[in-house]
file input.cif (mmCIF, C-alpha atoms)
data_input
loop_
_atom_site.group_PDB
_atom_site.id
_atom_site.type_symbol
_atom_site.label_atom_id
_atom_site.label_comp_id
_atom_site.auth_asym_id
_atom_site.auth_seq_id
_atom_site.Cartn_x
_atom_site.Cartn_y
_atom_site.Cartn_z
ATOM 1 C CA MET A 2 37.427 18.274 -2.389
ATOM 2 C CA ALA A 3 39.227 20.826 -4.516
ATOM 3 C CA GLY A 4 39.072 20.039 -8.230
ATOM 4 C CA ARG A 5 36.517 17.254 -7.802
ATOM 5 C CA VAL A 6 33.702 16.910 -10.304
ATOM 6 C CA GLY A 7 30.628 15.370 -8.718
ATOM 7 C CA ASP A 8 28.364 12.764 -10.244
ATOM 8 C CA SER A 9 25.313 15.071 -10.425
ATOM 9 C CA PRO A 10 26.355 17.154 -13.465
ATOM 10 C CA LEU A 11 27.586 14.165 -15.478
ATOM 11 C CA VAL A 12 24.967 12.638 -17.797
ATOM 12 C CA GLY A 13 23.945 9.103 -16.819
ATOM 13 C CA LEU A 14 25.352 9.268 -13.316
ATOM 14 C CA GLY A 15 23.273 11.394 -10.929
ATOM 15 C CA CYS A 16 20.383 11.658 -13.370
ATOM 16 C CA TYR A 17 19.281 10.379 -16.754
ATOM 17 C CA ALA A 18 16.128 10.389 -18.885
ATOM 18 C CA ASN A 19 14.962 9.276 -22.314
ATOM 19 C CA GLN A 20 11.667 8.157 -23.880
ATOM 20 C CA THR A 21 11.569 5.030 -21.649
ATOM 21 C CA GLY A 22 11.898 6.816 -18.323
ATOM 22 C CA GLY A 23 14.004 8.948 -16.062
ATOM 23 C CA THR A 24 15.862 8.631 -12.794
ATOM 24 C CA SER A 25 17.694 10.586 -10.144
ATOM 25 C CA ALA A 26 20.322 9.140 -7.819
ATOM 26 C CA THR A 27 22.059 10.121 -4.609
ATOM 27 C CA GLY A 28 24.807 8.611 -2.504
ATOM 28 C CA HIS A 29 28.517 7.834 -2.815
ATOM 29 C CA GLY A 30 29.396 9.805 -5.933
ATOM 30 C CA GLU A 31 32.506 7.826 -6.822
ATOM 31 C CA ALA A 32 30.560 4.558 -6.773
ATOM 32 C CA ILE A 33 27.723 6.116 -8.777
ATOM 33 C CA MET A 34 30.313 7.223 -11.361
ATOM 34 C CA LYS A 35 31.864 3.770 -11.646
ATOM 35 C CA CYS A 36 28.462 2.141 -12.251
ATOM 36 C CA VAL A 37 26.854 4.913 -14.346
ATOM 37 C CA LEU A 38 23.957 4.320 -11.969
ATOM 38 C CA SER A 39 21.143 6.394 -13.449
ATOM 39 C CA ARG A 40 21.778 5.137 -16.982
ATOM 40 C CA GLU A 41 21.888 1.576 -15.626
ATOM 41 C CA VAL A 42 18.387 1.970 -14.182
ATOM 42 C CA VAL A 43 16.946 3.228 -17.471
ATOM 43 C CA SER A 44 18.788 0.490 -19.398
ATOM 44 C CA LEU A 45 17.120 -2.123 -17.210
ATOM 45 C CA MET A 46 13.747 -0.479 -17.819
ATOM 46 C CA GLU A 47 14.454 -0.560 -21.581
ATOM 47 C CA ALA A 48 15.131 -4.297 -21.234
ATOM 48 C CA GLY A 49 11.691 -4.821 -19.686
ATOM 49 C CA ASP A 50 12.189 -4.485 -15.937
ATOM 50 C CA SER A 51 9.605 -2.556 -13.914
ATOM 51 C CA THR A 52 10.769 0.732 -12.416
ATOM 52 C CA ALA A 53 10.981 -0.835 -8.953
ATOM 53 C CA ARG A 54 12.898 -3.885 -10.187
ATOM 54 C CA ALA A 55 15.276 -1.759 -12.279
ATOM 55 C CA CYS A 56 16.059 0.444 -9.274
ATOM 56 C CA TYR A 57 16.648 -2.581 -7.041
ATOM 57 C CA LYS A 58 18.908 -4.345 -9.554
ATOM 58 C CA ALA A 59 21.008 -1.235 -10.258
ATOM 59 C CA ILE A 60 21.501 -0.455 -6.548
ATOM 60 C CA LYS A 61 22.402 -4.088 -5.822
ATOM 61 C CA LYS A 62 24.884 -4.095 -8.710
ATOM 62 C CA MET A 63 26.555 -0.932 -7.389
ATOM 63 C CA LEU A 64 26.756 -2.372 -3.874
ATOM 64 C CA ASP A 65 28.104 -5.731 -5.082
ATOM 65 C CA GLN A 66 30.609 -4.361 -7.616
ATOM 66 C CA VAL A 67 32.096 -1.365 -5.844
ATOM 67 C CA GLY A 68 30.648 -1.382 -2.326
ATOM 68 C CA GLY A 69 29.031 1.994 -2.860
ATOM 69 C CA LYS A 70 25.887 2.993 -1.074
ATOM 70 C CA GLY A 71 23.152 5.199 -2.390
ATOM 71 C CA GLY A 72 19.631 5.391 -3.642
ATOM 72 C CA VAL A 73 17.637 6.023 -6.767
ATOM 73 C CA ILE A 74 14.089 6.987 -7.726
ATOM 74 C CA ALA A 75 12.732 6.451 -11.228
ATOM 75 C CA ILE A 76 9.633 6.986 -13.333
ATOM 76 C CA ASN A 77 8.734 5.241 -16.570
ATOM 77 C CA SER A 78 6.832 6.543 -19.588
ATOM 78 C CA GLN A 79 3.537 5.283 -18.096
ATOM 79 C CA GLY A 80 4.109 7.284 -14.899
ATOM 80 C CA LEU A 81 4.958 4.295 -12.688
ATOM 81 C CA ILE A 82 7.421 5.074 -9.887
ATOM 82 C CA GLY A 83 10.135 2.880 -8.414
ATOM 83 C CA GLN A 84 12.800 3.478 -5.799
ATOM 84 C CA ALA A 85 15.541 1.542 -4.023
ATOM 85 C CA PHE A 86 18.414 2.317 -1.708
ATOM 86 C CA SER A 87 21.296 0.559 0.016
ATOM 87 C CA THR A 88 21.717 3.148 2.745
ATOM 88 C CA THR A 89 20.104 2.809 6.159
ATOM 89 C CA ARG A 90 17.423 5.327 5.192
ATOM 90 C CA MET A 91 16.551 7.522 2.222
ATOM 91 C CA ALA A 92 13.820 10.113 2.012
ATOM 92 C CA TRP A 93 11.781 9.863 -1.189
ATOM 93 C CA ALA A 94 8.423 11.041 -2.466
ATOM 94 C CA SER A 95 6.274 11.029 -5.585
ATOM 95 C CA VAL A 96 2.965 12.624 -6.528
ATOM 96 C CA LYS A 97 0.403 11.250 -8.972
ATOM 97 C CA GLU A 98 -3.231 12.289 -9.323
ATOM 98 C CA ASP A 99 -3.263 14.250 -6.033
ATOM 99 C CA VAL A 100 -1.799 11.360 -4.017
ATOM 100 C CA MET A 101 1.651 11.702 -2.530
ATOM 101 C CA LYS A 102 3.563 8.507 -1.774
ATOM 102 C CA PHE A 103 6.564 8.819 0.492
ATOM 103 C CA GLY A 104 8.914 6.988 2.809
ATOM 104 C CA ILE A 105 12.261 7.043 4.534
ATOM 105 C CA GLU A 106 12.736 3.529 5.960
ATOM 106 C CA PRO A 107 13.327 0.379 3.863
ATOM 107 C CA CYS A 108 10.042 -1.045 2.518
ATOM 108 C CA GLU A 109 8.104 1.958 3.832
ATOM 109 C CA GLU A 110 5.439 3.549 1.663
ATOM 110 C CA GLN A 111 2.807 5.915 2.956
ATOM 111 C CA ASP A 112 0.032 7.681 1.043
ATOM 112 C CA LYS A 113 -1.456 11.111 1.612
ATOM 113 C CA VAL A 114 -4.115 12.864 -0.453
ATOM 114 C CA ILE A 115 -2.781 16.346 -1.167
ATOM 115 C CA GLY A 116 -5.145 17.691 -3.811
ATOM 116 C CA SER A 117 -8.590 19.039 -3.424
ATOM 117 C CA LYS A 118 -11.438 19.311 -5.908
ATOM 118 C CA VAL A 119 -13.256 21.764 -3.623
ATOM 119 C CA HIS A 120 -13.584 25.269 -5.025
ATOM 120 C CA VAL A 121 -13.920 28.194 -2.629
ATOM 121 C CA GLU A 122 -16.205 30.999 -3.760
ATOM 122 C CA LYS A 123 -15.106 34.557 -3.124
#
call {"tool": "encode", "arguments": {"input": "input.cif", "output": "structure tokens"}}
result
Amino acid sequence: MAGRVGDSPLVGLGCYANQTGGTSATGHGEAIMKCVLSREVVSLMEAGDSTARACYKAIKKMLDQVGGKGGVIAINSQGLIGQAFSTTRMAWASVKEDVMKFGIEPCEEQDKVIGSKVHVEK
């Protein structure tokens, strides 16, 4: 819409990071704005929630409070990944130590080794 500012460029909404962790969100921008979704996830991590639990709680709060749908993926300072979404599907992926984890359906997580320690001689 003309004149609209999206949630992505606003700090704490579409993305946020500090020494505890970082997150990126997608979905209904107006709902994400009302809940300051990405900052909410990191705040929950600061309070002691795991990345997965923080993502779940923030998405549930957004859905309950404003009816907005979306998703979020987060990483904490130890490299642990979490994700949650209230949409029918959401594509997500993460890579750690040559293993890619990914999914699109609720509760789906697949693994695929993507790195190789094999060196090819010329």
call {"tool": "closest_atom_pairs", "arguments": {"input": "input.cif", "of": "region 60-94 of chain A", "to": "region 21-35 of chain A", "cutoff": "6 Å", "atoms": "all atoms listed in the file", "output": "JSON lines"}}
result
{"residue": "A:Gly69", "atom": "CA", "partner": "A:Ala32", "partner_atom": "CA", "distance": 4.9}
{"residue": "A:Lys70", "atom": "CA", "partner": "A:His29", "partner_atom": "CA", "distance": 5.8}
{"residue": "A:Gly71", "atom": "CA", "partner": "A:Gly28", "partner_atom": "CA", "distance": 3.8}
{"residue": "A:Gly72", "atom": "CA", "partner": "A:Thr27", "partner_atom": "CA", "distance": 5.4}
{"residue": "A:Val73", "atom": "CA", "partner": "A:Ala26", "partner_atom": "CA", "distance": 4.2}
{"residue": "A:Ile74", "atom": "CA", "partner": "A:Thr24", "partner_atom": "CA", "distance": 5.6}
{"residue": "A:Ala75", "atom": "CA", "partner": "A:Thr24", "partner_atom": "CA", "distance": 4.1}
{"residue": "A:Ile76", "atom": "CA", "partner": "A:Gly22", "partner_atom": "CA", "distance": 5.5}
{"residue": "A:Asn77", "atom": "CA", "partner": "A:Gly22", "partner_atom": "CA", "distance": 3.9}
{"residue": "A:Ser78", "atom": "CA", "partner": "A:Gly22", "partner_atom": "CA", "distance": 5.2}
call {"tool": "closest_residue", "arguments": {"input": "input.cif", "among": "A:Asp112, A:Cys56, A:Val100, A:Ala85", "to": "Ser44 (chain A)", "atoms": "all atoms listed in the file"}}
result
A:Cys56
call {"tool": "atom_distance", "arguments": {"input": "input.cif", "atom1": "CA of Asn19 (chain A)", "atom2": "CA of Glu109 (chain A)"}}
result
28.0 Å
call {"tool": "atom_distance", "arguments": {"input": "input.cif", "atom1": "CA of Pro107 (chain A)", "atom2": "CA of Val42 (chain A)"}}
result
18.8 Å
call {"tool": "atom_distance", "arguments": {"input": "input.cif", "atom1": "CA of Ala55 (chain A)", "atom2": "CA of Phe86 (chain A)"}}
result
11.8 Å
call {"tool": "closest_residue", "arguments": {"input": "input.cif", "among": "A:Thr88, A:Lys102, A:Pro10, A:Cys16", "to": "Gly68 (chain A)", "atoms": "all atoms listed in the file"}}
result
A:Thr88
call {"tool": "axis_aligned_box", "arguments": {"input": "input.cif", "around": "region 43-62 of chain A", "padding_each_side": "6 Å", "output": "lines of an AutoDock Vina configuration file"}}
result
center_x = 17.2
center_y = -0.8
center_z = -13.7
size_x = 27.3
size_y = 20.0
size_z = 27.8
call {"tool": "closest_residue", "arguments": {"input": "input.cif", "among": "A:Ala3, A:Val96, A:Leu14, A:Ala53", "to": "Arg40 (chain A)", "atoms": "only C-alpha atoms"}}
result
A:Leu14
